[in-house]
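Trainee: Structure file entry-v6.txt, compact mmCIF, C-alpha atoms, is pasted below:
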# COMPACT_ATOMS: atom_id res chain seq x y z
CA MET I 1 -111.48 160.52 -39.31
CA THR I 2 -113.25 161.60 -42.49
CA SER I 3 -112.76 160.26 -46.01
CA SER I 4 -113.82 161.45 -49.45
CA TRP I 5 -113.08 161.11 -53.15
CA GLU I 6 -111.34 164.10 -54.71
CA ASN I 7 -110.08 164.78 -58.25
CA VAL I 8 -107.00 166.29 -59.83
CA LYS I 9 -106.32 166.92 -63.50
CA VAL I 10 -103.45 164.99 -65.09
CA ASP I 11 -102.96 165.65 -68.80
CA ASP I 12 -106.50 165.35 -70.19
CA SER I 13 -107.81 163.01 -67.52
CA ASN I 14 -109.41 163.49 -64.12
CA MET I 15 -107.57 161.33 -61.59
CA ARG I 16 -109.50 160.21 -58.52
CA LEU I 17 -107.86 160.37 -55.11
CA TYR I 18 -109.27 158.74 -52.00
CA VAL I 19 -108.41 161.12 -49.18
CA SER I 20 -108.65 160.34 -45.46
CA LEU I 21 -108.10 163.01 -42.81
CA PRO I 22 -106.91 162.29 -39.27
CA GLU I 23 -108.74 163.48 -36.19
CA THR I 24 -106.42 166.36 -35.37
CA ALA I 25 -106.83 170.12 -35.63
CA THR I 26 -103.14 170.74 -36.30
CA LEU I 27 -101.26 170.55 -39.58
CA ALA I 28 -100.29 166.93 -40.17
CA PRO I 29 -97.68 165.17 -42.27
CA ALA I 30 -99.10 163.35 -45.27
CA VAL I 31 -98.58 159.93 -46.84
CA LEU I 32 -99.45 158.79 -50.35
CA VAL I 33 -100.88 155.26 -50.52
CA ILE I 34 -100.08 153.56 -53.84
CA GLN I 35 -102.32 150.74 -55.03
CA GLY I 36 -101.52 147.25 -56.22
CA GLN I 37 -102.67 146.00 -59.61
CA SER I 38 -106.12 145.04 -58.32
CA GLY I 39 -106.99 148.75 -58.25
CA VAL I 40 -107.20 151.64 -55.82
CA ASP I 41 -110.58 150.51 -54.45
CA ASP I 42 -108.87 147.52 -52.82
CA PHE I 43 -106.58 149.78 -50.78
CA LEU I 44 -109.04 152.14 -49.15
CA GLU I 45 -108.76 150.48 -45.74
CA GLN I 46 -104.98 150.87 -45.79
CA THR I 47 -105.55 154.55 -46.58
CA ARG I 48 -107.87 154.89 -43.60
CA MET I 49 -105.33 153.08 -41.41
CA VAL I 50 -102.70 155.67 -42.32
CA ALA I 51 -105.14 158.46 -41.39
CA ARG I 52 -105.94 156.78 -38.08
CA ALA I 53 -102.21 156.93 -37.34
CA GLY I 54 -102.35 160.72 -37.68
CA TYR I 55 -101.38 161.34 -41.30
CA VAL I 56 -103.37 162.90 -44.10
CA ALA I 57 -103.57 159.98 -46.52
CA ALA I 58 -104.27 160.10 -50.25
CA ALA I 59 -104.55 157.15 -52.64
CA PRO I 60 -104.41 158.15 -56.33
CA ASP I 61 -106.13 155.99 -58.95
CA LEU I 62 -103.28 155.07 -61.31
CA PHE I 63 -105.73 153.43 -63.71
CA HIS I 64 -107.61 156.69 -64.34
CA ARG I 65 -106.68 156.75 -68.02
CA ASP I 66 -108.77 153.63 -68.64
CA PRO I 67 -112.47 154.11 -69.51
CA ALA I 68 -114.83 154.22 -66.53
CA ASP I 69 -116.50 151.00 -67.74
CA CYS I 70 -113.18 149.14 -68.28
CA LYS I 71 -113.59 145.42 -67.56
CA ASP I 72 -109.95 144.39 -68.07
CA ASP I 73 -108.32 142.50 -65.24
CA GLY I 74 -105.64 143.97 -63.02
CA PRO I 75 -102.60 142.52 -64.80
CA THR I 76 -103.87 143.83 -68.16
CA ARG I 77 -104.43 147.31 -66.76
CA ARG I 78 -101.07 147.33 -65.01
CA ALA I 79 -99.33 146.32 -68.24
CA ARG I 80 -100.53 149.57 -69.84
CA LEU I 81 -98.78 151.72 -67.24
CA ARG I 82 -95.57 153.51 -68.12
CA ASP I 83 -93.15 155.11 -65.68
CA GLU I 84 -93.52 158.49 -67.36
CA SER I 85 -97.26 158.59 -66.68
CA VAL I 86 -96.94 157.05 -63.22
CA ILE I 87 -94.50 159.78 -62.21
CA LYS I 88 -96.90 162.42 -63.55
CA ASP I 89 -99.75 160.91 -61.55
CA VAL I 90 -97.81 160.71 -58.29
CA ASN I 91 -96.45 164.23 -58.78
CA ALA I 92 -100.03 165.48 -59.25
CA ALA I 93 -101.04 163.75 -56.00
CA ILE I 94 -98.05 165.34 -54.25
CA GLY I 95 -99.18 168.74 -55.53
CA PHE I 96 -102.67 168.07 -54.18
CA LEU I 97 -101.28 167.27 -50.74
CA LYS I 98 -98.92 170.24 -50.64
CA ASN I 99 -101.86 172.56 -51.30
CA HIS I 100 -104.20 170.84 -48.82
CA PRO I 101 -105.08 173.08 -45.84
CA ARG I 102 -104.58 170.21 -43.37
CA VAL I 103 -101.12 169.17 -44.63
CA ASP I 104 -97.66 170.21 -43.51
CA GLY I 105 -96.16 170.15 -47.00
CA ARG I 106 -92.62 169.78 -45.68
CA ARG I 107 -93.40 166.31 -44.32
CA LEU I 108 -94.50 163.96 -47.11
CA GLY I 109 -94.10 160.20 -47.35
CA ILE I 110 -95.27 157.33 -49.52
CA VAL I 111 -96.27 153.70 -49.01
CA GLY I 112 -97.09 151.22 -51.78
CA PHE I 113 -98.12 147.61 -52.30
CA CYS I 114 -96.94 145.24 -55.07
CA MET I 115 -96.73 147.49 -58.15
CA GLY I 116 -97.17 150.35 -55.67
CA GLY I 117 -94.04 149.17 -53.87
CA ARG I 118 -92.22 149.52 -57.17
CA VAL I 119 -93.59 153.06 -57.45
CA VAL I 120 -92.13 153.83 -54.01
CA TYR I 121 -88.69 152.81 -55.30
CA LEU I 122 -89.19 154.77 -58.52
CA MET I 123 -90.34 157.97 -56.79
CA ALA I 124 -87.34 157.84 -54.48
CA ALA I 125 -85.37 158.90 -57.55
CA ALA I 126 -88.05 160.96 -59.29
CA ASN I 127 -89.26 163.50 -56.71
CA PRO I 128 -87.13 165.11 -53.96
CA GLU I 129 -90.20 166.49 -52.17
CA LEU I 130 -90.86 163.11 -50.56
CA SER I 131 -88.95 162.32 -47.36
CA ALA I 132 -89.58 158.60 -46.70
CA GLY I 133 -90.92 155.54 -48.51
CA VAL I 134 -92.29 152.18 -47.38
CA MET I 135 -92.27 149.41 -49.96
CA TYR I 136 -94.51 146.37 -49.46
CA TYR I 137 -93.29 143.51 -51.69
CA GLY I 138 -92.41 145.80 -54.59
CA ALA I 139 -92.69 143.81 -57.81
CA ASP I 140 -90.90 144.37 -61.12
CA VAL I 141 -88.43 146.88 -59.65
CA MET I 142 -85.74 145.65 -62.04
CA ARG I 143 -87.91 145.74 -65.16
CA GLN I 144 -88.57 148.73 -67.40
CA TRP I 145 -92.07 150.15 -67.72
CA GLY I 146 -91.77 151.93 -71.03
CA SER I 147 -88.69 153.24 -72.79
CA GLY I 148 -86.83 154.77 -69.84
CA PRO I 149 -84.60 153.13 -67.24
CA SER I 150 -86.03 150.72 -64.69
CA ALA I 151 -86.61 151.84 -61.13
CA PHE I 152 -83.65 149.65 -60.11
CA ALA I 153 -81.38 151.37 -62.64
CA ARG I 154 -82.10 154.68 -60.90
CA THR I 155 -80.90 153.51 -57.47
CA ALA I 156 -78.01 155.99 -57.46
CA GLU I 157 -80.57 158.83 -57.66
CA ILE I 158 -82.55 157.73 -54.59
CA HIS I 159 -82.85 160.54 -52.07
CA TYR I 160 -85.07 159.22 -49.25
CA PRO I 161 -84.78 156.28 -46.83
CA ILE I 162 -86.71 153.15 -47.76
CA LEU I 163 -88.33 150.55 -45.52
CA GLY I 164 -89.05 147.25 -47.28
CA HIS I 165 -91.43 144.45 -46.27
CA PHE I 166 -91.07 141.07 -48.02
CA GLY I 167 -92.81 137.71 -47.79
CA ALA I 168 -90.42 134.77 -47.45
CA GLN I 169 -92.55 132.73 -49.88
CA ASP I 170 -92.96 135.49 -52.47
CA LYS I 171 -91.80 134.89 -56.05
CA ASN I 172 -91.98 138.51 -57.27
CA PRO I 173 -90.05 139.90 -55.52
CA SER I 174 -88.21 136.71 -54.64
CA GLN I 175 -85.71 136.36 -51.84
CA ALA I 176 -82.98 136.70 -54.48
CA ASP I 177 -84.59 139.97 -55.63
CA MET I 178 -84.63 141.25 -52.05
CA ILE I 179 -80.94 140.43 -51.64
CA LYS I 180 -80.11 142.16 -54.92
CA LEU I 181 -82.07 145.29 -53.91
CA ASP I 182 -80.34 145.33 -50.53
CA ALA I 183 -76.93 145.02 -52.14
CA GLU I 184 -77.57 147.77 -54.69
CA LEU I 185 -78.90 150.20 -52.09
CA SER I 186 -75.91 149.44 -49.87
CA ARG I 187 -73.49 149.87 -52.79
CA HIS I 188 -74.80 153.39 -53.33
CA GLY I 189 -74.92 154.21 -49.62
CA LYS I 190 -78.70 154.58 -49.54
CA VAL I 191 -80.43 154.39 -46.17
CA HIS I 192 -82.78 151.41 -46.06
CA GLU I 193 -84.19 148.76 -43.76
CA PHE I 194 -85.62 145.43 -44.95
CA HIS I 195 -87.80 142.92 -43.11
CA GLN I 196 -88.81 139.46 -44.30
CA TYR I 197 -91.81 137.57 -42.90
CA ALA I 198 -91.96 133.79 -42.56
CA ASP I 199 -95.01 131.86 -43.78
CA ALA I 200 -96.06 134.83 -45.93
CA GLY I 201 -96.11 135.32 -49.68
CA HIS I 202 -97.03 138.15 -52.00
CA ALA I 203 -99.81 140.52 -50.89
CA PHE I 204 -99.65 139.41 -47.26
CA ALA I 205 -100.85 142.85 -46.11
CA ASN I 206 -103.56 143.25 -48.77
CA ILE I 207 -106.74 143.21 -46.70
CA GLY I 208 -109.34 140.93 -48.32
CA SER I 209 -106.77 139.03 -50.37
CA ALA I 210 -106.55 135.25 -50.18
CA ASN I 211 -102.85 135.81 -49.50
CA TYR I 212 -103.48 138.02 -46.46
CA ARG I 213 -101.51 136.84 -43.43
CA ALA I 214 -102.44 138.58 -40.20
CA HIS I 215 -99.22 137.65 -38.37
CA ALA I 216 -97.08 139.32 -41.04
CA ALA I 217 -99.36 142.31 -41.60
CA ASP I 218 -99.66 142.97 -37.86
CA ALA I 219 -95.88 142.83 -37.48
CA SER I 220 -95.27 145.16 -40.43
CA TRP I 221 -97.55 148.06 -39.60
CA PRO I 222 -95.92 149.18 -36.33
CA ARG I 223 -92.61 149.19 -38.20
CA THR I 224 -94.16 151.25 -40.98
CA PHE I 225 -95.60 153.86 -38.63
CA GLY I 226 -92.42 153.93 -36.53
CA PHE I 227 -90.45 154.57 -39.73
CA PHE I 228 -92.74 157.42 -40.74
CA ALA I 229 -92.60 158.88 -37.23
CA LYS I 230 -88.80 158.85 -37.43
CA HIS I 231 -88.54 160.47 -40.85
CA LEU I 232 -91.69 162.63 -41.07
CA GLY I 233 -92.00 163.50 -37.38
CA LYS I 234 -94.42 162.19 -34.81
CA THR I 235 -98.14 162.85 -35.15
CA SER I 236 -100.63 163.75 -32.43
CA VAL I 237 -102.20 160.29 -32.78
CA VAL I 238 -100.72 157.09 -31.37
CA ALA I 239 -100.75 154.41 -34.11
CA ALA I 240 -102.22 151.04 -33.21
CA GLY I 241 -100.53 147.87 -34.34
CA ALA I 242 -103.70 146.18 -35.58
CA THR I 243 -104.47 146.17 -39.29
CA ARG I 244 -108.25 146.25 -38.91
Render the structure in this file as C-alpha cells.
Mentor:
Amino acid sequence: MTSSWENVKVDDSNMRLYVSLPETATLAPAVLVIQGQSGVDDFLEQTRMVARAGYVAAAPDLFHRDPADCKDDGPTRRARLRDESVIKDVNAAIGFLKNHPRVDGRRLGIVGFCMGGRVVYLMAAANPELSAGVMYYGADVMRQWGSGPSAFARTAEIHYPILGHFGAQDKNPSQADMIKLDAELSRHGKVHEFHQYADAGHAFANIGSANYRAHAADASWPRTFGFFAKHLGKTSVVAAGATR
C-alpha cells in the first residue's frame, strides 16, 4: 500500500486529498473517506484501512477553504460548511477518482464519520455516480447547512443503499434520530441496513479519540467491507476485521 497527498481545484481553492492505493495491479473499486469535524488529518488511518481492504481510498479536506494557518476548533470550522460547497468538494473528489489510472470508475463508494456520515446521506441524493454509502454516526442529518433542504429532506432522492453504524449512548444522532432515519428510508423504499452498538457513544470508530471503543469498531468494519463487497464487487484483497 502506498499513500500520498494530492490536490484538486475547487472554485478558487486547492483541495487536498489523502490517497491510499491498495497492493493490487488490477483496476480497483474506490471509496471516498469523509472526515469528521476534527479534520481530515484525524482520518488518515481509516483511509489506509480502506486501501488495505483492496479499494483505492481518497479523503478530501473539506476545510480547504480556511486559511492554512487557521487555529479555529473543529466545531467552528464545521459551522462554516454549507451543503452547496460540500457537494462541490465531494464531486471534485469523485472526478479525481474516476480519472485515476488505478480506479474502476464504475464502482465508487463512500464512507463518512460524524459530519462525514451526514455527507454520506447527502451525497446519496446529490450524485448518482456513487453506488454505496456507509454512515458512521451521521450527525445533523435533519438540520440544514445553508439555505437549501436538509439531507433528511432529500431522502426521496436517495439512489444508493446505505449502511449505518450507531452508538447506543450517542446523543447526536440519538436513538430517536436513528429510528426516525430508519422510518423515513423505509417509507421511501430505500435500501438500508442499520446496526447499533452497546456501550458505545459518538465517534466510537474514530481512532485516537477518547470515545474510541474497540469492541464496536471491530464489529463494524467487517460489516462495512462486506457491504462494499456486495455493492461495489469483491476486491483482490481479503479485508481483515481489525481496525489497527
Trainee: Compare I:Arg187, I:Arg102, I:Arg143, I:Arg154 by their minimum atom-to-atom distance to Ala125 (chain I), counting only C-alpha atoms, and give me the closest one.
Mentor: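 Smallest distance to Ala125 (chain I) is found for I:Arg154.
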Trainee: So the first atom is CA of Asn14 (chain I) and the second is CA of His64 (chain I); what is the distance between them in Å, to one decimal place?
Mentor: 7.0 Å
Trainee: Fewer than 2 positions away in the same chain doesn't count, so skip those; otherwise give me all residues within 9 Å of Ala203 (chain I), counting all atoms listed in the file, as a list in words.
Mentor: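 My reading of the contact set: Gly36, Phe113, Cys114, Tyr136, Tyr137, Gly167, Asp170, Ala200, Gly201, Ala205, Asn206, Ile207, Ser209, Ala210, Asn211, Tyr212 and Arg213 of chain I.
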Trainee: Quick one, how far is CA of His231 (chain I) from CA of Leu32 (chain I)?
Mentor: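 Here the two named atoms are 14.6 Å from each other.
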Trainee: Which is closer to Pro29 (chain I) than all the others in I:Ser131, I:Gln196, I:Thr47, I:Ser4, using only C-alpha atoms?
Mentor: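 Ranking I:Ser131, I:Gln196, I:Thr47, I:Ser4 by distance to Pro29 (chain I), first place goes to I:Ser131.
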Trainee: Which is closest to Val86 (chain I) among I:Met15, I:Asp72, I:Leu130, I:Leu108, if we use only C-alpha atoms?
Mentor: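 The closest residue to Val86 (chain I) is I:Met15.
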Trainee: For Val191 (chain I), work out the shell of residues within 10 Å, counting only C-alpha atoms and skipping chain neighbours fewer than 4 positions away, then give it as a list in words.
Mentor: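 Close residues of Val191 (chain I): Ile158, His159, Tyr160, Pro161, Ile162, Leu163, Leu185 and Ser186 of chain I.
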Trainee: Write out as a list in words the residues lying within 10 Å of Glu84 (chain I), counting all atoms listed in the file and excluding same-chain residues fewer than 3 positions away.
Mentor: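 The neighbour list is Leu81, Ile87, Lys88, Asp89, Trp145, Gly146, Ser147 and Gly148 of chain I.
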Trainee: From the list I:Val50, I:Val134, I:Ile110, I:Ala126, which residue is nearest Leu21 (chain I) when using only C-alpha atoms?
Mentor: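 Looking only at the distances to Leu21 (chain I), the closest residue turns out to be I:Val50.
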Trainee: Pick from I:Leu62, I:Arg16, I:Gln175, I:Val31: nearest to Gly74 (chain I), with all atoms listed in the file counted?
Mentor: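 Counting all atoms listed in the file, the residue closest to Gly74 (chain I) is I:Leu62.
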Trainee: For Gln46 (chain I), which residue among I:Ala216, I:Ala28, I:Ala68, I:Ala59 is the nearest when counting all atoms listed in the file?
Mentor: I:Ala59
Trainee: If you measure from CA of Glu184 (chain I) to CA of Ser150 (chain I), what distance in Å do you get, rounded to one decimal?
Mentor: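 Interatomic distance, CA of Glu184 (chain I) to CA of Ser150 (chain I): 13.4 Å.
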Trainee: Extract, using only C-alpha atoms, all DNA, RNA and protein residues at most 8 Å from Arg118 (chain I), discarding same-chain residues fewer than 3 positions from it, and format them as number ranges by chain.
Mentor: I: 112-115, 121-122, 135, 138-141, 151
Trainee: List every protein, DNA or RNA residue that has at least one atom no more than 12 Å from (-103.1, 171.7, -36.3) in the file's coordinates, counting only C-alpha atoms, and write the result as a PyMOL selection string.
Mentor: chain I and resi 21-29+54-56+101-104+235-237
Trainee: Using the partial input, fill out region 1-16 of chain I with N, CA and C atoms; write the result as a CSV table (one decimal), in the frame of the given file.
Mentor:
chain,number,residue,atom,x,y,z
I,1,MET,N,-112.0,160.7,-38.0
I,1,MET,CA,-111.5,160.5,-39.3
I,1,MET,C,-112.6,160.7,-40.3
I,2,THR,N,-112.3,161.4,-41.4
I,2,THR,CA,-113.2,161.6,-42.5
I,2,THR,C,-112.5,161.2,-43.8
I,3,SER,N,-113.3,160.7,-44.7
I,3,SER,CA,-112.8,160.3,-46.0
I,3,SER,C,-113.7,160.7,-47.1
I,4,SER,N,-113.0,161.0,-48.3
I,4,SER,CA,-113.8,161.4,-49.4
I,4,SER,C,-113.0,161.2,-50.7
I,5,TRP,N,-113.7,161.2,-51.8
I,5,TRP,CA,-113.1,161.1,-53.2
I,5,TRP,C,-112.9,162.5,-53.7
I,6,GLU,N,-111.7,162.8,-54.1
I,6,GLU,CA,-111.3,164.1,-54.7
I,6,GLU,C,-110.8,163.8,-56.1
I,7,ASN,N,-110.6,164.9,-56.9
I,7,ASN,CA,-110.1,164.8,-58.2
I,7,ASN,C,-109.0,165.8,-58.5
I,8,VAL,N,-108.0,165.4,-59.3
I,8,VAL,CA,-107.0,166.3,-59.8
I,8,VAL,C,-106.8,166.0,-61.3
I,9,LYS,N,-106.5,167.0,-62.1
I,9,LYS,CA,-106.3,166.9,-63.5
I,9,LYS,C,-104.9,166.5,-63.8
I,10,VAL,N,-104.8,165.4,-64.6
I,10,VAL,CA,-103.4,165.0,-65.1
I,10,VAL,C,-103.6,164.8,-66.6
I,11,ASP,N,-102.8,165.6,-67.3
I,11,ASP,CA,-103.0,165.6,-68.8
I,11,ASP,C,-104.4,166.0,-69.1
I,12,ASP,N,-105.1,165.1,-69.8
I,12,ASP,CA,-106.5,165.4,-70.2
I,12,ASP,C,-107.5,164.5,-69.4
I,13,SER,N,-107.0,163.9,-68.3
I,13,SER,CA,-107.8,163.0,-67.5
I,13,SER,C,-108.0,163.5,-66.1
I,14,ASN,N,-109.2,163.2,-65.5
I,14,ASN,CA,-109.4,163.5,-64.1
I,14,ASN,C,-109.0,162.3,-63.3
I,15,MET,N,-108.0,162.4,-62.4
I,15,MET,CA,-107.6,161.3,-61.6
I,15,MET,C,-108.2,161.4,-60.2
I,16,ARG,N,-108.9,160.3,-59.9
I,16,ARG,CA,-109.5,160.2,-58.5
I,16,ARG,C,-108.4,160.0,-57.5
